[in-house]
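Chemist: Below is a structure I'd like to ask you about.
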Amino acid sequence: MITAVRKPMEEIIACVSPYDRILLAGCNECVSVCSVGGRKEVSLLSSALQMHFLKQGKTLEIQEVTLERQCDPEYVEELVNSVDSADAVLSMACGCGVQTVAARFREKPVFPAVNTAFMGASERQGVWSERCQGCGDCVLGITGGICPIARCSKRLMNGPCGGSTKGKCEIDTDIDCAWQLIWDRLKALGLENRIEEIMEAKDWRTSRDGGPRKIVREDLAS
Amino acid sequence: MNMKKKLSAAEFVVLAEMNTPKGVDISEFVTNARGIKGRMDAVVIPDMDNGVMRMSALGGGALMRREGLEPVIHIYGRDKNRMALQGDILAAYVLGIQNLIVTPAEPMASGDHRDAKPVEDLDETGILEMIRSLCEGVDMAGFELKGAPDFTVGCAMAPVAGDQELAREVENLRGRVAAGAQYIITPPVFDLAAYEKMIEALRPLEVPLVATVFLLKNVGMARYLSIHEPGCRISEDMIRRIRKAPDREAECIRMAGETTAELRKMVRGVKITTLGWEHRLADILEKAGI
């Protein structure tokens, strides 16, 4: 999923303070799963903002709407009626959702209430870790299901480096050495020989490095 | 008089662009440099021009200095992060390179290493601010340098196709001048009347302009640019002039010389780009009466 963390209150307050009527839009997808931008968080942020502005002697009118998916124009269309009576939109979706709303309602200022972080997985309750950088040419099949690009601090394709100690990364001892994990996994699968195979310099064209990416499915595109 | 002094004394500067070799055979590079020594104020060394991997501009600049020519090297953010850029800039200074041009880089997808990972840590304005900070003796992390460099820094203007793009680019350049650019290298000039308009638009920035004279080598090149670079304004008359000339190569040289001579009356300097025909630089200057 796409993970996010809420922006500091001061930053959010600075964005909305020039306005009297805000449309606060949440998203029921990834940001809801990582408890940062779903219905519940929309309600909490709404209350916090109203309390803050009441203390300042200002009544901030907030409409709360949580869409099924903010990155989908079909669902964003549901905002059509409510957006008219708002001076600005405060979105609690990831950057994809914020941009979809901004593209649809060009005349309204749209502000993000969260910082989009990474594509990750849930480790346990309340803990998410980065797992994928969307390089566009997946190597998990040859690295034992562990991504060296997302999980090695140096993105080494032929690791580990000399900083791997007791299975931990030199960057931070809370981080597992991805290449130790790869080695352990390949060994468990009886595929240790694979670690000897040199991976060639990666072709980064499929990653963001080839410019902004787009997928066009001719069988689906209208 | 070096380039810095000439720019500040409002004297006309003549720069020649010379690409480093793709390899370690520097004989042609050095021979061409020797051929123009004394006729140019400085030699501009692009870095991986057009996204083609070559010997670095830092190496090329050091070679020019060794040959007794004043080098100007290109700096951009595609291939290096702020650490590498700062390190190379300090190295450049101690190797005798005192002039930098902060330029945009060709996208990796247009070069010859299309699968490489671009860096893009700093944009042009960020690089200019970083250079200014280094010249003030402080690196980007706020640490004091042991000895600060002193560079003359220019920036490059992007080609513009119309008035709207020109207005936008002027605003971009305003930011770069504020960030420390002391002069602007403008795009290749083929239409002097249109260039006059560009000069007017850039005048409020109050920095010297150095115009690019781009040597058209043949009809095909002129035709290609006229179609694919609408901002260059190569006219049909210009293409016809090359096509009908008894000696097309000589005509191309003559045209570049005439443009240089005209620009001498309009701006503070020229940068002559010959794309491998550096051996003809002297002929262009001769036609320009320089």
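In the structure tokens, chains take letters A, B, ... by order of appearance, with residues numbered from 1 within each chain and ligands from 1 in the order shown.
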May I have the residues of chain B within 12 Å of chain A, counting only C-alpha atoms, written as a list of chain:residue names?

Modeler: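 Residues of chain B within 12 Å of chain A, counting only C-alpha atoms: B:Arg78, B:Asp79, B:Pro107, B:Met108, B:Ala109, B:Ser110, B:Gly111, B:His113, B:Arg114, B:Asp115, B:Ala116, B:Lys117, B:Pro118, B:Val119, B:Glu120.
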
Chemist: Using DSSP secondary structure from the backbone, list all helix (DSSP H, G or I) positions within range 2-249 of chain B, as a PyMOL selection string.

Modeler: chain B and resi 3-8+27-36+49-51+57-66+82-94+108-110+124-135+163-178+192-205+219-228+230-232+236-244+248-249

Chemist: I'd like the contact shell of Glu107 in chain A - 12 Å cut-off, only C-alpha atoms, skipping same-chain residues fewer than 4 positions apart - returned as a list in words.

Modeler: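 Residues meeting the cut-off are Val83, Asp84, Ala86, Asp87, Ala88, Val89, Val101, Ala102 and Ala103 of chain A.
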
Chemist: Here is a test: counting only C-alpha atoms, which residue of B:Lys217, B:Arg233, B:Lys287, B:Lys271 is nearest to Met40 in chain B?

Modeler: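 That would be B:Lys271, the residue with the smallest distance to Met40 in chain B.
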
Chemist: Fewer than 2 positions away in the same chain doesn't count, so skip those; otherwise give me all residues within 9 Å of Gly95 in chain A, counting only C-alpha atoms, as a list in words.

Modeler: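 Counting only the stated atoms, we get Cys71, Ala93, Gly97, Val98, Gln99, Thr100, Pro112, Val114, Asn115 and Thr116 of chain A.
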
Chemist: Taking 4 positions as the minimum chain separation for residues in the same chain, which residues sit within 9 Å of Gly126 in chain A when counting only C-alpha atoms? Answer as a VMD selection string.

Modeler: chain A and resid 34 to 35 122

Chemist: Put those residues in a file: C-alpha atoms, as a tab-separated table (two decimals), in the first residue's frame.

Modeler:
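Output file result-v4.tsv follows:
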chain	number	residue	atom	x	y	z
A	34	CYS	CA	-2.40	3.00	7.54
A	35	SER	CA	-4.67	5.11	9.77
A	122	SER	CA	2.48	-3.79	7.49

Chemist: What does the distance between CA of Glu41 in chain A and CA of Thr3 in chain A come to in Å, to one decimal place?

Modeler: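 Calculated distance between CA of Glu41 in chain A and CA of Thr3 in chain A is 14.2 Å.
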
Chemist: Using DSSP assignments from the backbone, pull out every residue in range 68-172 of chain A that falls under strand (DSSP E or B) and give it to me as a list in words.

Modeler: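 After running DSSP on the backbone, range 68-172 of chain A has strand (DSSP E or B) at Ala88, Val89, Leu90, Ser91, Val110, Phe111, Pro112, Val114, Asn115, Thr116, Ala117, Phe118, Met119, Gly120, Ala121, Ser122, Glu123, Arg124, Val127, Trp128, Ser129, Glu130, Arg131, Cys132, Thr165 and Lys168 of chain A.
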
Chemist: Could you write those residues out with N, CA, C and O atoms, as an mmCIF file, in the first residue's frame?

Modeler:
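Printed below is result.cif as written:
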data_model
loop_
_atom_site.group_PDB
_atom_site.id
_atom_site.type_symbol
_atom_site.label_atom_id
_atom_site.label_comp_id
_atom_site.auth_asym_id
_atom_site.auth_seq_id
_atom_site.Cartn_x
_atom_site.Cartn_y
_atom_site.Cartn_z
ATOM 1 N N ALA A 88 -11.614 26.159 -0.033
ATOM 2 C CA ALA A 88 -10.416 25.369 -0.343
ATOM 3 C C ALA A 88 -10.656 23.915 0.056
ATOM 4 O O ALA A 88 -11.559 23.627 0.847
ATOM 5 N N VAL A 89 -9.851 23.048 -0.538
ATOM 6 C CA VAL A 89 -9.945 21.620 -0.212
ATOM 7 C C VAL A 89 -8.694 21.213 0.548
ATOM 8 O O VAL A 89 -7.575 21.569 0.158
ATOM 9 N N LEU A 90 -8.892 20.499 1.638
ATOM 10 C CA LEU A 90 -7.771 19.924 2.389
ATOM 11 C C LEU A 90 -7.903 18.416 2.232
ATOM 12 O O LEU A 90 -8.883 17.817 2.674
ATOM 13 N N SER A 91 -6.919 17.825 1.553
ATOM 14 C CA SER A 91 -7.021 16.401 1.239
ATOM 15 C C SER A 91 -6.148 15.578 2.177
ATOM 16 O O SER A 91 -4.999 15.914 2.437
ATOM 17 N N VAL A 110 -6.058 23.435 -3.413
ATOM 18 C CA VAL A 110 -6.091 22.105 -2.786
ATOM 19 C C VAL A 110 -4.792 21.924 -2.004
ATOM 20 O O VAL A 110 -3.704 22.145 -2.544
ATOM 21 N N PHE A 111 -4.929 21.550 -0.743
ATOM 22 C CA PHE A 111 -3.744 21.380 0.116
ATOM 23 C C PHE A 111 -3.649 19.944 0.626
ATOM 24 O O PHE A 111 -4.672 19.343 0.952
ATOM 25 N N PRO A 112 -2.433 19.422 0.713
ATOM 26 C CA PRO A 112 -2.293 18.078 1.291
ATOM 27 C C PRO A 112 -2.198 18.179 2.817
ATOM 28 O O PRO A 112 -1.508 19.048 3.343
ATOM 29 N N VAL A 114 -1.383 15.330 4.463
ATOM 30 C CA VAL A 114 -0.451 14.252 4.834
ATOM 31 C C VAL A 114 0.791 14.315 3.949
ATOM 32 O O VAL A 114 0.758 14.886 2.861
ATOM 33 N N ASN A 115 1.861 13.727 4.446
ATOM 34 C CA ASN A 115 3.063 13.548 3.623
ATOM 35 C C ASN A 115 3.077 12.103 3.138
ATOM 36 O O ASN A 115 3.128 11.172 3.953
ATOM 37 N N THR A 116 2.994 11.921 1.832
ATOM 38 C CA THR A 116 3.042 10.566 1.286
ATOM 39 C C THR A 116 4.447 10.021 1.503
ATOM 40 O O THR A 116 5.434 10.716 1.223
ATOM 41 N N ALA A 117 4.542 8.792 1.999
ATOM 42 C CA ALA A 117 5.861 8.291 2.399
ATOM 43 C C ALA A 117 6.424 7.262 1.421
ATOM 44 O O ALA A 117 7.354 7.556 0.674
ATOM 45 N N PHE A 118 5.859 6.076 1.393
ATOM 46 C CA PHE A 118 6.456 5.018 0.557
ATOM 47 C C PHE A 118 5.448 3.905 0.281
ATOM 48 O O PHE A 118 4.379 3.867 0.886
ATOM 49 N N MET A 119 5.853 3.015 -0.645
ATOM 50 C CA MET A 119 5.059 1.805 -0.865
ATOM 51 C C MET A 119 5.589 0.768 0.111
ATOM 52 O O MET A 119 6.773 0.403 0.059
ATOM 53 N N GLY A 120 4.735 0.362 1.034
ATOM 54 C CA GLY A 120 5.226 -0.527 2.072
ATOM 55 C C GLY A 120 4.231 -1.581 2.468
ATOM 56 O O GLY A 120 3.137 -1.690 1.908
ATOM 57 N N ALA A 121 4.647 -2.363 3.454
ATOM 58 C CA ALA A 121 3.790 -3.426 3.976
ATOM 59 C C ALA A 121 3.716 -3.278 5.489
ATOM 60 O O ALA A 121 4.587 -2.677 6.110
ATOM 61 N N SER A 122 2.673 -3.861 6.044
ATOM 62 C CA SER A 122 2.483 -3.795 7.489
ATOM 63 C C SER A 122 3.330 -4.884 8.145
ATOM 64 O O SER A 122 3.227 -6.048 7.785
ATOM 65 N N GLU A 123 4.182 -4.494 9.088
ATOM 66 C CA GLU A 123 4.996 -5.482 9.803
ATOM 67 C C GLU A 123 4.209 -6.047 10.978
ATOM 68 O O GLU A 123 4.220 -7.233 11.257
ATOM 69 N N ARG A 124 3.577 -5.149 11.708
ATOM 70 C CA ARG A 124 2.701 -5.512 12.813
ATOM 71 C C ARG A 124 1.793 -4.305 13.071
ATOM 72 O O ARG A 124 1.928 -3.285 12.365
ATOM 73 N N VAL A 127 2.978 -0.561 12.499
ATOM 74 C CA VAL A 127 4.338 -0.468 11.945
ATOM 75 C C VAL A 127 4.314 -0.852 10.461
ATOM 76 O O VAL A 127 3.888 -1.958 10.103
ATOM 77 N N TRP A 128 4.778 0.076 9.628
ATOM 78 C CA TRP A 128 4.852 -0.177 8.194
ATOM 79 C C TRP A 128 6.282 0.028 7.723
ATOM 80 O O TRP A 128 6.975 0.934 8.222
ATOM 81 N N SER A 129 6.732 -0.794 6.797
ATOM 82 C CA SER A 129 8.100 -0.674 6.288
ATOM 83 C C SER A 129 8.108 -0.633 4.775
ATOM 84 O O SER A 129 7.276 -1.272 4.116
ATOM 85 N N GLU A 130 9.097 0.078 4.250
ATOM 86 C CA GLU A 130 9.217 0.222 2.795
ATOM 87 C C GLU A 130 9.570 -1.130 2.172
ATOM 88 O O GLU A 130 10.452 -1.849 2.648
ATOM 89 N N ARG A 131 8.881 -1.435 1.085
ATOM 90 C CA ARG A 131 9.109 -2.723 0.434
ATOM 91 C C ARG A 131 9.338 -2.602 -1.078
ATOM 92 O O ARG A 131 9.856 -3.506 -1.695
ATOM 93 N N CYS A 132 8.902 -1.518 -1.674
ATOM 94 C CA CYS A 132 8.989 -1.421 -3.137
ATOM 95 C C CYS A 132 9.228 0.021 -3.558
ATOM 96 O O CYS A 132 8.640 0.929 -2.976
ATOM 97 N N THR A 165 26.612 -5.795 9.565
ATOM 98 C CA THR A 165 27.121 -6.415 10.789
ATOM 99 C C THR A 165 26.004 -7.126 11.534
ATOM 100 O O THR A 165 24.981 -6.510 11.843
ATOM 101 N N LYS A 168 22.598 -6.558 10.407
ATOM 102 C CA LYS A 168 22.019 -5.214 10.456
ATOM 103 C C LYS A 168 22.787 -4.249 9.538
ATOM 104 O O LYS A 168 23.961 -4.482 9.218
#
